[in-house]
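J.: Sending over a structure as structure tokens; questions will come in a sec.
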Amino acid sequence: MNSSFLPILYLSLFLFLSFPSPSHSLKCNPNDKKVLLKIKNDLGNPYHLASWDPNTDCCDWYVVECDRKTNRINALTVFQANISGQIPAAVGDLPFLETLQFHHITNLTGTIPHTITKLINLKELRLSFTNLSGPIPEFISQLKNLTLLELNYNQFTGTIPPSLSELPNLSEIYLDRNKLTGQIPESFGKFRQIQNLYLSHNSLTGPVPKSLGNLKFTTLDFSRNKLEGDISFLFGKNKKIRLIDFSRNTFEFDISKVEFPESLTWLDLNHNRIFGSLPEGLKDLQLQNLNVSYNRLCGQIPQGGKLQSFDVYSYLPNKCLCGSPLPACK
């Protein structure tokens, strides 16, 4: 090798080793780092956040993510952590946050802080399997980019805020396993993108708003409430719904007049006041689960399809239902 070329080679090698490659060049915003350290301090410096060392790049810290274009924190996902206390108000000072999650933290208490209204980029709010309490705040309706609201398995009380329907991009709502009362808001019929609505295991009362019959649900779970009335308008041949669980309420309607969508794979109507005979269209569905027990049904179970693959407990007791898998009709 030409000796005059060696200095150039050494210089090139030195420069290559002195600067990090693009894949290691992330450096989080100093304001975000300051906020995260405030959150850690407010939570009592838990071991779960031990990687949050002020001498390291916060883009490398546990349970956070950085946007690779802006180097701003866009996700805070704390889960299954031994953490006590309340959600720090400082979470509202992460302006680029798109996902905020506190999941499966049973010692997390208090209410949802009002400061989350500053998170104008937030798309997913997951606060589940905790001991958060108080009412579900009306101010959640200010998070206009929200697509998912997950507040299940908590201790929330009071009524469901009608203002949630003002969230134009919301497609999934999980409010199940709380202590909610009152009625399902009539305003919910104004949702534009809603697909999955979980309201089970609360103490909701009254009729289901008929406006919900115009929406394109994939999943509806109203089970284990105190809801009542005719909900046949939630069914229909042209619907795209796959899972329906209306069990353990006091719904009352004639099921013989109901048409079911071909997409339906899960139907649970047990412990209601549903009457009439099971429609023939049920045998054409690819059902994975069916339970119509503890109602007031009568007549022969349609023969064919998957209806005979379910055991007798899916049909008993009813007033005068008969035919396989129950005893033959007389």
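Each chain of the structure tokens is named A, B, ... in the order shown, its residues numbered from 1; ligands are numbered from 1 in display order.
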Show me, as an mmCIF file with C-alpha atoms, in the first residue's frame, the residues that have an atom within 8 Å of segment 177-193 of chain A when counting only C-alpha atoms, minus same-chain residues fewer than 3 positions from it.
T.:
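Output (result_25.cif):
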data_model
loop_
_atom_site.group_PDB
_atom_site.id
_atom_site.type_symbol
_atom_site.label_atom_id
_atom_site.label_comp_id
_atom_site.auth_asym_id
_atom_site.auth_seq_id
_atom_site.Cartn_x
_atom_site.Cartn_y
_atom_site.Cartn_z
ATOM 1 C CA ASN A 152 -62.136 -1.320 32.279
ATOM 2 C CA TYR A 153 -61.499 -3.225 35.521
ATOM 3 C CA ASN A 154 -61.484 -0.165 37.756
ATOM 4 C CA GLN A 155 -63.696 1.413 40.419
ATOM 5 C CA PHE A 156 -65.293 4.178 38.358
ATOM 6 C CA THR A 157 -68.732 5.324 39.517
ATOM 7 C CA GLY A 158 -71.453 7.619 38.263
ATOM 8 C CA THR A 159 -72.916 7.831 34.788
ATOM 9 C CA ILE A 160 -71.300 7.474 31.370
ATOM 10 C CA PRO A 161 -70.499 10.949 29.988
ATOM 11 C CA PRO A 162 -72.660 11.653 26.909
ATOM 12 C CA SER A 163 -69.838 13.895 25.653
ATOM 13 C CA LEU A 164 -67.762 10.841 24.704
ATOM 14 C CA SER A 165 -69.762 10.778 21.476
ATOM 15 C CA GLU A 166 -67.983 14.015 20.525
ATOM 16 C CA LEU A 167 -64.797 12.038 19.848
ATOM 17 C CA PRO A 168 -64.896 11.717 16.043
ATOM 18 C CA ASN A 169 -62.266 8.986 15.689
ATOM 19 C CA LEU A 170 -63.194 6.740 18.614
ATOM 20 C CA SER A 171 -63.587 3.135 17.448
ATOM 21 C CA LEU A 199 -70.207 -1.977 28.971
ATOM 22 C CA SER A 200 -70.570 -5.261 30.870
ATOM 23 C CA HIS A 201 -70.445 -5.843 34.637
ATOM 24 C CA ASN A 202 -71.840 -2.483 35.706
ATOM 25 C CA SER A 203 -75.230 -1.387 37.073
ATOM 26 C CA LEU A 204 -76.594 0.340 33.985
ATOM 27 C CA THR A 205 -80.377 0.647 33.771
ATOM 28 C CA GLY A 206 -83.135 1.569 31.349
ATOM 29 C CA PRO A 207 -83.564 0.848 27.642
ATOM 30 C CA VAL A 208 -80.808 0.760 25.048
ATOM 31 C CA PRO A 209 -81.042 3.849 22.788
ATOM 32 C CA LYS A 210 -82.538 2.952 19.417
ATOM 33 C CA SER A 211 -79.998 5.244 17.770
ATOM 34 C CA LEU A 212 -77.394 2.508 18.327
ATOM 35 C CA GLY A 213 -79.200 0.390 15.755
ATOM 36 C CA ASN A 214 -77.789 2.594 12.984
ATOM 37 C CA LEU A 215 -74.148 1.938 13.876
#
J.: Give me, as a Markdown table, each residue of segment 156-243 of chain A that comes within 10 Å of segment 274-287 of chain A, together with its shortest interatomic pair and the distance in Å at one decimal, counting only C-alpha atoms, with rows ordered by chain and rising residue number.
T.:
| residue | atom | partner | partner_atom | distance |
| --- | --- | --- | --- | --- |
| A:Gly229 | CA | A:Ile274 | CA | 9.8 |
| A:Asp230 | CA | A:Ile274 | CA | 9.0 |
| A:Lys237 | CA | A:Gly281 | CA | 9.7 |
| A:Arg242 | CA | A:Leu287 | CA | 9.5 |
| A:Leu243 | CA | A:Leu287 | CA | 9.8 |
J.: Find the distance between atom CA of Asp245 of chain A and atom CA of Gly304 of chain A and write it in Å to one decimal.
T.: 22.9 Å
J.: Could you check which of A:Ile105, A:Ile120, A:Ala50, A:Ile241 is closest to Phe217 of chain A, using only C-alpha atoms?
T.: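 Among A:Ile105, A:Ile120, A:Ala50, A:Ile241, it is A:Ile241 that comes nearest to Phe217 of chain A.
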J.: Where does DSSP see strand (DSSP E) in segment 21-158 of chain A, if you list the residues as a compact mmCIF listing (two decimals) with all heavy atoms, in the first residue's frame?
T.:
# COMPACT_ATOMS: atom_id res chain seq x y z
N VAL A 64 -41.04 3.42 27.66
CA VAL A 64 -41.27 4.61 26.85
C VAL A 64 -40.80 4.37 25.43
O VAL A 64 -39.96 3.50 25.18
CB VAL A 64 -40.58 5.88 27.42
CG1 VAL A 64 -41.13 6.23 28.79
CG2 VAL A 64 -39.08 5.69 27.47
N GLU A 65 -41.34 5.13 24.51
CA GLU A 65 -40.90 5.06 23.11
C GLU A 65 -40.69 6.48 22.59
O GLU A 65 -41.39 7.41 22.99
CB GLU A 65 -41.94 4.35 22.24
CG GLU A 65 -42.12 2.88 22.57
CD GLU A 65 -43.17 2.23 21.68
OE1 GLU A 65 -43.52 2.83 20.64
OE2 GLU A 65 -43.64 1.14 22.03
N CYS A 66 -39.71 6.60 21.68
CA CYS A 66 -39.43 7.88 21.04
C CYS A 66 -39.81 7.82 19.57
O CYS A 66 -39.60 6.79 18.90
CB CYS A 66 -37.94 8.21 21.14
SG CYS A 66 -37.47 9.08 22.64
N ILE A 73 -40.91 11.82 23.08
CA ILE A 73 -41.59 10.68 23.68
C ILE A 73 -43.02 10.61 23.16
O ILE A 73 -43.80 11.56 23.32
CB ILE A 73 -41.60 10.79 25.22
CG1 ILE A 73 -40.17 10.76 25.78
CG2 ILE A 73 -42.44 9.67 25.84
CD1 ILE A 73 -39.45 9.45 25.59
N ASN A 74 -43.38 9.49 22.52
CA ASN A 74 -44.74 9.36 21.99
C ASN A 74 -45.52 8.21 22.62
O ASN A 74 -46.69 8.00 22.27
CB ASN A 74 -44.73 9.22 20.46
CG ASN A 74 -44.06 7.94 19.99
OD1 ASN A 74 -43.53 7.17 20.79
ND2 ASN A 74 -44.07 7.71 18.69
N ALA A 75 -44.90 7.46 23.54
CA ALA A 75 -45.63 6.38 24.22
C ALA A 75 -45.08 6.19 25.63
O ALA A 75 -43.86 6.13 25.83
CB ALA A 75 -45.54 5.08 23.44
N LEU A 76 -45.99 6.10 26.58
CA LEU A 76 -45.66 5.76 27.97
C LEU A 76 -46.58 4.61 28.35
O LEU A 76 -47.79 4.79 28.47
CB LEU A 76 -45.88 6.96 28.89
CG LEU A 76 -45.73 6.71 30.40
CD1 LEU A 76 -44.35 6.19 30.74
CD2 LEU A 76 -46.05 7.98 31.18
N THR A 77 -46.02 3.40 28.50
CA THR A 77 -46.82 2.20 28.70
C THR A 77 -46.33 1.46 29.94
O THR A 77 -45.48 0.56 29.86
CB THR A 77 -46.74 1.28 27.47
OG1 THR A 77 -45.36 1.00 27.18
CG2 THR A 77 -47.36 1.94 26.25
N VAL A 78 -46.88 1.81 31.08
CA VAL A 78 -46.51 1.20 32.35
C VAL A 78 -47.48 0.06 32.64
O VAL A 78 -48.69 0.28 32.67
CB VAL A 78 -46.54 2.23 33.50
CG1 VAL A 78 -46.01 1.61 34.78
CG2 VAL A 78 -45.74 3.47 33.12
N PHE A 79 -46.97 -1.16 32.84
CA PHE A 79 -47.86 -2.31 33.05
C PHE A 79 -47.24 -3.31 34.02
O PHE A 79 -46.02 -3.42 34.13
CB PHE A 79 -48.17 -3.00 31.72
CG PHE A 79 -46.96 -3.44 30.95
CD1 PHE A 79 -46.45 -4.73 31.07
CD2 PHE A 79 -46.31 -2.55 30.10
CE1 PHE A 79 -45.33 -5.12 30.36
CE2 PHE A 79 -45.18 -2.94 29.39
CZ PHE A 79 -44.69 -4.24 29.52
N GLY A 85 -49.84 4.89 44.46
CA GLY A 85 -50.05 6.32 44.32
C GLY A 85 -51.02 6.64 43.21
O GLY A 85 -51.81 5.80 42.79
N GLN A 86 -50.96 7.86 42.72
CA GLN A 86 -51.87 8.33 41.70
C GLN A 86 -51.12 8.61 40.39
O GLN A 86 -49.90 8.71 40.37
CB GLN A 86 -52.57 9.61 42.17
CG GLN A 86 -53.35 9.42 43.47
CD GLN A 86 -54.16 10.64 43.85
OE1 GLN A 86 -54.39 11.53 43.02
NE2 GLN A 86 -54.62 10.69 45.08
N THR A 99 -49.76 7.39 23.00
CA THR A 99 -50.26 6.27 23.79
C THR A 99 -49.92 6.48 25.26
O THR A 99 -48.75 6.72 25.59
CB THR A 99 -49.66 4.93 23.33
OG1 THR A 99 -50.01 4.69 21.96
CG2 THR A 99 -50.16 3.78 24.18
N LEU A 100 -50.94 6.42 26.11
CA LEU A 100 -50.73 6.50 27.56
C LEU A 100 -51.38 5.28 28.19
O LEU A 100 -52.59 5.07 28.04
CB LEU A 100 -51.33 7.78 28.13
CG LEU A 100 -51.28 7.92 29.66
CD1 LEU A 100 -49.83 7.92 30.16
CD2 LEU A 100 -52.00 9.19 30.11
N GLN A 101 -50.57 4.48 28.88
CA GLN A 101 -51.09 3.24 29.47
C GLN A 101 -50.57 3.04 30.88
O GLN A 101 -49.38 3.11 31.15
CB GLN A 101 -50.68 2.03 28.62
CG GLN A 101 -51.01 0.69 29.25
CD GLN A 101 -50.61 -0.48 28.39
OE1 GLN A 101 -51.19 -0.70 27.33
NE2 GLN A 101 -49.61 -1.23 28.82
N PHE A 102 -51.51 2.79 31.79
CA PHE A 102 -51.22 2.26 33.11
C PHE A 102 -52.11 1.03 33.26
O PHE A 102 -53.33 1.16 33.42
CB PHE A 102 -51.52 3.29 34.21
CG PHE A 102 -50.52 4.39 34.32
CD1 PHE A 102 -50.65 5.55 33.57
CD2 PHE A 102 -49.42 4.27 35.16
CE1 PHE A 102 -49.73 6.58 33.67
CE2 PHE A 102 -48.48 5.29 35.26
CZ PHE A 102 -48.63 6.45 34.51
N HIS A 103 -51.51 -0.15 33.19
CA HIS A 103 -52.28 -1.39 33.10
C HIS A 103 -51.83 -2.39 34.16
O HIS A 103 -50.63 -2.60 34.37
CB HIS A 103 -52.11 -2.00 31.70
CG HIS A 103 -52.71 -3.35 31.53
ND1 HIS A 103 -54.07 -3.56 31.47
CD2 HIS A 103 -52.13 -4.57 31.42
CE1 HIS A 103 -54.29 -4.86 31.32
NE2 HIS A 103 -53.14 -5.48 31.29
N HIS A 104 -52.81 -3.00 34.80
CA HIS A 104 -52.56 -4.05 35.78
C HIS A 104 -51.67 -3.54 36.92
O HIS A 104 -50.66 -4.17 37.27
CB HIS A 104 -51.93 -5.29 35.11
CG HIS A 104 -52.60 -6.56 35.52
ND1 HIS A 104 -52.55 -7.04 36.80
CD2 HIS A 104 -53.33 -7.45 34.81
CE1 HIS A 104 -53.23 -8.18 36.86
NE2 HIS A 104 -53.73 -8.45 35.67
N ILE A 105 -52.06 -2.42 37.50
CA ILE A 105 -51.35 -1.82 38.64
C ILE A 105 -52.39 -1.60 39.73
O ILE A 105 -53.04 -0.55 39.78
CB ILE A 105 -50.65 -0.51 38.23
CG1 ILE A 105 -49.79 -0.72 36.99
CG2 ILE A 105 -49.79 0.02 39.38
CD1 ILE A 105 -49.22 0.55 36.41
N LEU A 108 -52.58 1.54 42.05
CA LEU A 108 -52.77 2.86 41.45
C LEU A 108 -54.17 3.34 41.78
O LEU A 108 -55.16 2.68 41.46
CB LEU A 108 -52.57 2.78 39.93
CG LEU A 108 -52.41 4.11 39.20
CD1 LEU A 108 -51.09 4.78 39.57
CD2 LEU A 108 -52.49 3.90 37.69
N THR A 109 -54.27 4.48 42.45
CA THR A 109 -55.56 4.96 42.95
C THR A 109 -55.82 6.39 42.48
O THR A 109 -55.07 6.95 41.69
CB THR A 109 -55.58 4.90 44.49
OG1 THR A 109 -54.48 5.70 44.99
CG2 THR A 109 -55.43 3.48 45.00
N GLU A 124 -54.46 6.63 22.08
CA GLU A 124 -54.87 5.49 22.90
C GLU A 124 -54.71 5.84 24.38
O GLU A 124 -53.60 6.17 24.82
CB GLU A 124 -54.05 4.25 22.56
CG GLU A 124 -54.25 3.75 21.14
CD GLU A 124 -53.53 2.43 20.88
OE1 GLU A 124 -52.88 1.91 21.81
OE2 GLU A 124 -53.64 1.92 19.76
N LEU A 125 -55.81 5.76 25.11
CA LEU A 125 -55.78 5.96 26.56
C LEU A 125 -56.18 4.64 27.22
O LEU A 125 -57.35 4.24 27.14
CB LEU A 125 -56.72 7.08 26.97
CG LEU A 125 -56.80 7.39 28.47
CD1 LEU A 125 -55.44 7.81 29.01
CD2 LEU A 125 -57.85 8.47 28.75
N ARG A 126 -55.22 3.98 27.84
CA ARG A 126 -55.45 2.66 28.46
C ARG A 126 -55.16 2.77 29.95
O ARG A 126 -54.00 2.78 30.36
CB ARG A 126 -54.53 1.60 27.84
CG ARG A 126 -54.73 1.35 26.35
CD ARG A 126 -53.67 0.39 25.83
NE ARG A 126 -53.83 0.05 24.44
CZ ARG A 126 -54.45 -1.03 23.99
NH1 ARG A 126 -54.98 -1.87 24.86
NH2 ARG A 126 -54.56 -1.29 22.70
N LEU A 127 -56.21 2.83 30.75
CA LEU A 127 -56.09 2.86 32.20
C LEU A 127 -56.96 1.73 32.72
O LEU A 127 -58.15 1.90 32.97
CB LEU A 127 -56.55 4.21 32.76
CG LEU A 127 -55.92 5.46 32.12
CD1 LEU A 127 -56.56 6.73 32.68
CD2 LEU A 127 -54.41 5.48 32.34
N SER A 128 -56.38 0.54 32.86
CA SER A 128 -57.17 -0.66 33.13
C SER A 128 -56.51 -1.54 34.18
O SER A 128 -55.30 -1.50 34.38
CB SER A 128 -57.35 -1.46 31.83
OG SER A 128 -56.11 -1.70 31.20
N PHE A 129 -57.38 -2.33 34.85
CA PHE A 129 -56.91 -3.22 35.91
C PHE A 129 -56.15 -2.44 36.99
O PHE A 129 -55.05 -2.81 37.39
CB PHE A 129 -56.03 -4.34 35.35
CG PHE A 129 -56.76 -5.39 34.57
CD1 PHE A 129 -57.05 -5.20 33.23
CD2 PHE A 129 -57.16 -6.58 35.16
CE1 PHE A 129 -57.73 -6.16 32.50
CE2 PHE A 129 -57.83 -7.56 34.44
CZ PHE A 129 -58.13 -7.35 33.10
N THR A 130 -56.74 -1.32 37.42
CA THR A 130 -56.16 -0.52 38.50
C THR A 130 -57.27 -0.28 39.52
O THR A 130 -58.35 -0.87 39.44
CB THR A 130 -55.63 0.83 37.99
OG1 THR A 130 -56.72 1.70 37.72
CG2 THR A 130 -54.78 0.66 36.74
N SER A 133 -60.73 5.57 40.62
CA SER A 133 -62.11 5.71 41.05
C SER A 133 -62.65 7.09 40.68
O SER A 133 -61.99 7.85 39.96
CB SER A 133 -62.20 5.49 42.57
OG SER A 133 -61.38 6.42 43.26
N GLY A 134 -63.84 7.38 41.19
CA GLY A 134 -64.49 8.64 40.85
C GLY A 134 -65.23 8.53 39.54
O GLY A 134 -65.27 7.46 38.91
N PRO A 135 -65.83 9.60 39.07
CA PRO A 135 -66.55 9.57 37.80
C PRO A 135 -65.60 9.55 36.60
O PRO A 135 -64.46 10.00 36.71
CB PRO A 135 -67.37 10.86 37.83
CG PRO A 135 -66.57 11.78 38.69
CD PRO A 135 -65.92 10.91 39.73
N LEU A 148 -58.99 4.89 20.88
CA LEU A 148 -59.27 3.82 21.82
C LEU A 148 -59.35 4.37 23.24
O LEU A 148 -58.45 5.09 23.67
CB LEU A 148 -58.20 2.72 21.74
CG LEU A 148 -58.39 1.49 22.63
CD1 LEU A 148 -57.77 0.26 21.98
CD2 LEU A 148 -57.74 1.67 24.01
N LEU A 149 -60.43 4.03 23.94
CA LEU A 149 -60.61 4.42 25.34
C LEU A 149 -60.83 3.15 26.15
O LEU A 149 -61.85 2.48 26.01
CB LEU A 149 -61.81 5.36 25.48
CG LEU A 149 -62.13 5.81 26.92
CD1 LEU A 149 -60.97 6.58 27.52
CD2 LEU A 149 -63.42 6.63 26.94
N GLU A 150 -59.86 2.82 26.97
CA GLU A 150 -59.90 1.57 27.75
C GLU A 150 -59.82 1.92 29.24
O GLU A 150 -58.75 2.24 29.76
CB GLU A 150 -58.73 0.67 27.35
CG GLU A 150 -58.74 -0.69 27.99
CD GLU A 150 -57.60 -1.56 27.47
OE1 GLU A 150 -57.61 -1.87 26.25
OE2 GLU A 150 -56.73 -1.92 28.26
N GLN A 155 -62.67 1.14 39.42
CA GLN A 155 -63.70 1.41 40.42
C GLN A 155 -64.49 2.68 40.06
O GLN A 155 -64.97 3.37 40.95
CB GLN A 155 -63.05 1.58 41.81
CG GLN A 155 -62.20 0.42 42.27
CD GLN A 155 -63.03 -0.83 42.53
OE1 GLN A 155 -64.16 -0.75 43.01
NE2 GLN A 155 -62.47 -1.99 42.22
N PHE A 156 -64.60 2.97 38.78
CA PHE A 156 -65.29 4.18 38.36
C PHE A 156 -66.78 4.10 38.70
O PHE A 156 -67.42 3.06 38.56
CB PHE A 156 -65.11 4.42 36.87
CG PHE A 156 -63.71 4.82 36.48
CD1 PHE A 156 -62.95 4.02 35.64
CD2 PHE A 156 -63.15 5.99 36.97
CE1 PHE A 156 -61.65 4.38 35.30
CE2 PHE A 156 -61.86 6.36 36.62
CZ PHE A 156 -61.11 5.55 35.79
N THR A 157 -67.32 5.23 39.13
CA THR A 157 -68.73 5.32 39.52
C THR A 157 -69.41 6.43 38.73
O THR A 157 -68.78 7.16 37.96
CB THR A 157 -68.86 5.62 41.03
OG1 THR A 157 -68.09 6.80 41.34
CG2 THR A 157 -68.33 4.46 41.86
N GLY A 158 -70.71 6.57 38.95
CA GLY A 158 -71.45 7.62 38.26
C GLY A 158 -71.92 7.17 36.89
O GLY A 158 -71.88 5.99 36.55
J.: What is the distance between atom CA of Asn107 of chain A and atom CA of Tyr62 of chain A, in Å to one decimal?
T.: 20.0 Å
J.: Need to verify the contact set: Leu37 of chain A, 9 Å, only C-alpha atoms, exclusion of same-chain residues closer than 6 positions in sequence. Can you return it as a list in words?
T.: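 So the residues in contact are Asn45, Trp52, Asp53 and Pro54 of chain A.
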J.: Mind checking DSSP for segment 108-225 of chain A and telling me the helix (DSSP H, G or I) residues as a VMD selection string?
T.: chain A and resid 114 to 118 138 to 142 162 to 166 186 to 190 210 to 214
J.: I need the residues from that last selection saved to file as an mmCIF file, in the first residue's frame (with C-alpha atoms), if you can.
T.:
data_model
loop_
_atom_site.group_PDB
_atom_site.id
_atom_site.type_symbol
_atom_site.label_atom_id
_atom_site.label_comp_id
_atom_site.auth_asym_id
_atom_site.auth_seq_id
_atom_site.Cartn_x
_atom_site.Cartn_y
_atom_site.Cartn_z
ATOM 1 C CA HIS A 114 -57.240 16.887 34.218
ATOM 2 C CA THR A 115 -53.792 17.562 32.755
ATOM 3 C CA ILE A 116 -54.315 14.812 30.142
ATOM 4 C CA THR A 117 -56.401 17.347 28.235
ATOM 5 C CA LYS A 118 -53.089 18.855 27.102
ATOM 6 C CA GLU A 138 -66.281 14.797 30.880
ATOM 7 C CA PHE A 139 -62.960 16.352 29.854
ATOM 8 C CA ILE A 140 -61.932 13.153 28.049
ATOM 9 C CA SER A 141 -64.076 14.468 25.189
ATOM 10 C CA GLN A 142 -61.371 17.099 24.566
ATOM 11 C CA PRO A 162 -72.660 11.653 26.909
ATOM 12 C CA SER A 163 -69.838 13.895 25.653
ATOM 13 C CA LEU A 164 -67.762 10.841 24.704
ATOM 14 C CA SER A 165 -69.762 10.778 21.476
ATOM 15 C CA GLU A 166 -67.983 14.015 20.525
ATOM 16 C CA GLU A 186 -78.664 8.583 23.719
ATOM 17 C CA SER A 187 -75.796 10.571 22.196
ATOM 18 C CA PHE A 188 -73.868 7.340 21.545
ATOM 19 C CA GLY A 189 -75.871 7.006 18.353
ATOM 20 C CA LYS A 190 -73.785 9.895 16.978
ATOM 21 C CA LYS A 210 -82.538 2.952 19.417
ATOM 22 C CA SER A 211 -79.998 5.244 17.770
ATOM 23 C CA LEU A 212 -77.394 2.508 18.327
ATOM 24 C CA GLY A 213 -79.200 0.390 15.755
ATOM 25 C CA ASN A 214 -77.789 2.594 12.984
#
J.: What lies within 9 Å of Pro317 of chain A using only C-alpha atoms, ignoring chain neighbours under 5 positions off, as a list in words?
T.: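 Contacts, with the query itself left out: Ser293, Tyr294, Asn295, Arg296, Leu297 and Val312 of chain A.
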J.: Using N, CA, C and O atoms, can you export the residues from the last selection as a PDB file, in the first residue's frame?
T.:
ATOM      1  N   SER A 293     -80.135 -19.835  27.312  1.00  0.00           N
ATOM      2  CA  SER A 293     -80.739 -20.416  28.508  1.00  0.00           C
ATOM      3  C   SER A 293     -81.395 -19.355  29.385  1.00  0.00           C
ATOM      4  O   SER A 293     -81.089 -18.164  29.277  1.00  0.00           O
ATOM      5  N   TYR A 294     -82.321 -19.818  30.242  1.00  0.00           N
ATOM      6  CA  TYR A 294     -83.004 -18.944  31.202  1.00  0.00           C
ATOM      7  C   TYR A 294     -83.712 -17.786  30.514  1.00  0.00           C
ATOM      8  O   TYR A 294     -83.503 -16.614  30.812  1.00  0.00           O
ATOM      9  N   ASN A 295     -84.572 -18.151  29.554  1.00  0.00           N
ATOM     10  CA  ASN A 295     -85.456 -17.201  28.912  1.00  0.00           C
ATOM     11  C   ASN A 295     -86.866 -17.785  28.892  1.00  0.00           C
ATOM     12  O   ASN A 295     -87.191 -18.631  29.737  1.00  0.00           O
ATOM     13  N   ARG A 296     -87.707 -17.363  27.960  1.00  0.00           N
ATOM     14  CA  ARG A 296     -89.094 -17.830  27.882  1.00  0.00           C
ATOM     15  C   ARG A 296     -89.383 -18.352  26.475  1.00  0.00           C
ATOM     16  O   ARG A 296     -90.444 -18.099  25.901  1.00  0.00           O
ATOM     17  N   LEU A 297     -88.410 -19.075  25.930  1.00  0.00           N
ATOM     18  CA  LEU A 297     -88.498 -19.547  24.552  1.00  0.00           C
ATOM     19  C   LEU A 297     -89.387 -20.782  24.452  1.00  0.00           C
ATOM     20  O   LEU A 297     -89.542 -21.550  25.408  1.00  0.00           O
ATOM     21  N   VAL A 312     -77.085 -29.158  26.306  1.00  0.00           N
ATOM     22  CA  VAL A 312     -78.435 -28.791  26.761  1.00  0.00           C
ATOM     23  C   VAL A 312     -78.415 -27.533  27.619  1.00  0.00           C
ATOM     24  O   VAL A 312     -79.409 -26.799  27.680  1.00  0.00           O
TER      25      VAL A 312
END
J.: For a quick check of understanding, using only C-alpha atoms, which of A:Lys33, A:Lys257, A:Arg224, A:His271 has the smallest distance to Thr56 of chain A?
T.: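 For Thr56 of chain A, the nearest of the given residues is A:Lys33.
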J.: Please list as a short mmCIF file (atom, residue, chain, number, x, y, z; two decimals) with all heavy atoms, in the first residue's frame every residue within 6 Å of Leu321 of chain A, counting only C-alpha atoms and excluding residues in the same chain fewer than 3 positions away.
T.:
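Written file, around.cif:
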data_model
loop_
_atom_site.label_atom_id
_atom_site.label_comp_id
_atom_site.auth_asym_id
_atom_site.auth_seq_id
_atom_site.Cartn_x
_atom_site.Cartn_y
_atom_site.Cartn_z
N LEU A 297 -88.41 -19.07 25.93
CA LEU A 297 -88.50 -19.55 24.55
C LEU A 297 -89.39 -20.78 24.45
O LEU A 297 -89.54 -21.55 25.41
CB LEU A 297 -87.10 -19.87 24.02
CG LEU A 297 -86.11 -18.69 24.05
CD1 LEU A 297 -84.73 -19.14 23.63
CD2 LEU A 297 -86.60 -17.54 23.15
N CYS A 298 -89.92 -20.99 23.26
CA CYS A 298 -90.80 -22.12 23.03
C CYS A 298 -90.59 -22.63 21.60
O CYS A 298 -89.95 -21.97 20.78
CB CYS A 298 -92.26 -21.69 23.22
SG CYS A 298 -93.38 -23.02 23.68
N GLY A 299 -91.08 -23.84 21.33
CA GLY A 299 -90.98 -24.40 19.98
C GLY A 299 -89.74 -25.23 19.77
O GLY A 299 -88.92 -25.42 20.67
N GLN A 300 -89.60 -25.73 18.56
CA GLN A 300 -88.49 -26.64 18.23
C GLN A 300 -87.23 -25.87 17.88
O GLN A 300 -87.27 -24.86 17.18
CB GLN A 300 -88.89 -27.54 17.06
CG GLN A 300 -87.77 -28.51 16.67
CD GLN A 300 -88.25 -29.62 15.76
OE1 GLN A 300 -89.42 -29.93 15.70
NE2 GLN A 300 -87.32 -30.23 15.04
N ASN A 318 -86.07 -23.27 29.53
CA ASN A 318 -86.97 -22.37 28.83
C ASN A 318 -88.38 -22.93 28.94
O ASN A 318 -88.58 -24.08 29.35
CB ASN A 318 -86.55 -22.22 27.37
CG ASN A 318 -85.50 -21.12 27.19
OD1 ASN A 318 -85.80 -19.94 27.25
ND2 ASN A 318 -84.24 -21.52 26.98
#
J.: Leaving out Asp32 of chain A and any residue of its chain fewer than 3 positions from it, which residues lie within 8 Å of it when counting only C-alpha atoms, given as a PyMOL selection string?
T.: chain A and resi 28-29+35-36+72-73+93-94
J.: Selection from above, N, CA, C and O atoms, as a short mmCIF file (atom, residue, chain, number, x, y, z; two decimals), in the first residue's frame, can you write it?
T.:
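Saved result, result-v3.cif, follows:
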data_model
loop_
_atom_site.label_atom_id
_atom_site.label_comp_id
_atom_site.auth_asym_id
_atom_site.auth_seq_id
_atom_site.Cartn_x
_atom_site.Cartn_y
_atom_site.Cartn_z
N CYS A 28 -33.21 11.86 23.26
CA CYS A 28 -34.54 12.40 23.55
C CYS A 28 -34.48 13.87 23.94
O CYS A 28 -33.47 14.38 24.42
N ASN A 29 -35.59 14.50 23.76
CA ASN A 29 -35.72 15.91 24.06
C ASN A 29 -35.49 16.17 25.55
O ASN A 29 -36.04 15.46 26.40
N VAL A 35 -39.55 15.84 32.34
CA VAL A 35 -40.90 15.44 32.72
C VAL A 35 -40.93 14.00 33.20
O VAL A 35 -41.57 13.68 34.22
N LEU A 36 -40.23 13.11 32.48
CA LEU A 36 -40.21 11.70 32.88
C LEU A 36 -39.59 11.52 34.26
O LEU A 36 -40.07 10.71 35.07
N ARG A 72 -39.11 12.80 20.14
CA ARG A 72 -39.97 13.13 21.27
C ARG A 72 -40.66 11.87 21.79
O ARG A 72 -40.98 10.95 21.01
N ILE A 73 -40.91 11.82 23.08
CA ILE A 73 -41.59 10.68 23.68
C ILE A 73 -43.02 10.61 23.16
O ILE A 73 -43.80 11.56 23.32
N ASP A 93 -47.55 16.81 30.45
CA ASP A 93 -46.47 17.64 29.92
C ASP A 93 -45.60 16.91 28.92
O ASP A 93 -44.47 17.31 28.66
N LEU A 94 -46.14 15.83 28.36
CA LEU A 94 -45.47 15.11 27.26
C LEU A 94 -46.30 15.35 26.00
O LEU A 94 -47.12 14.53 25.60
#
J.: Skip Leu290 of chain A itself and residues of its chain fewer than 2 positions away, then list as JSON, numbers by chain all residues within 10 Å of it, counting only C-alpha atoms.
T.: {"A": [244, 245, 265, 266, 267, 268, 269, 270, 282, 287, 288, 292, 293, 306, 307, 309, 310, 311, 314, 315]}
J.: Do you have the atom CA of Lys27 of chain A-atom CA of Pro95 of chain A distance handy?
T.: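 Straight-line distance from atom CA of Lys27 of chain A to atom CA of Pro95 of chain A works out to 16.8 Å.
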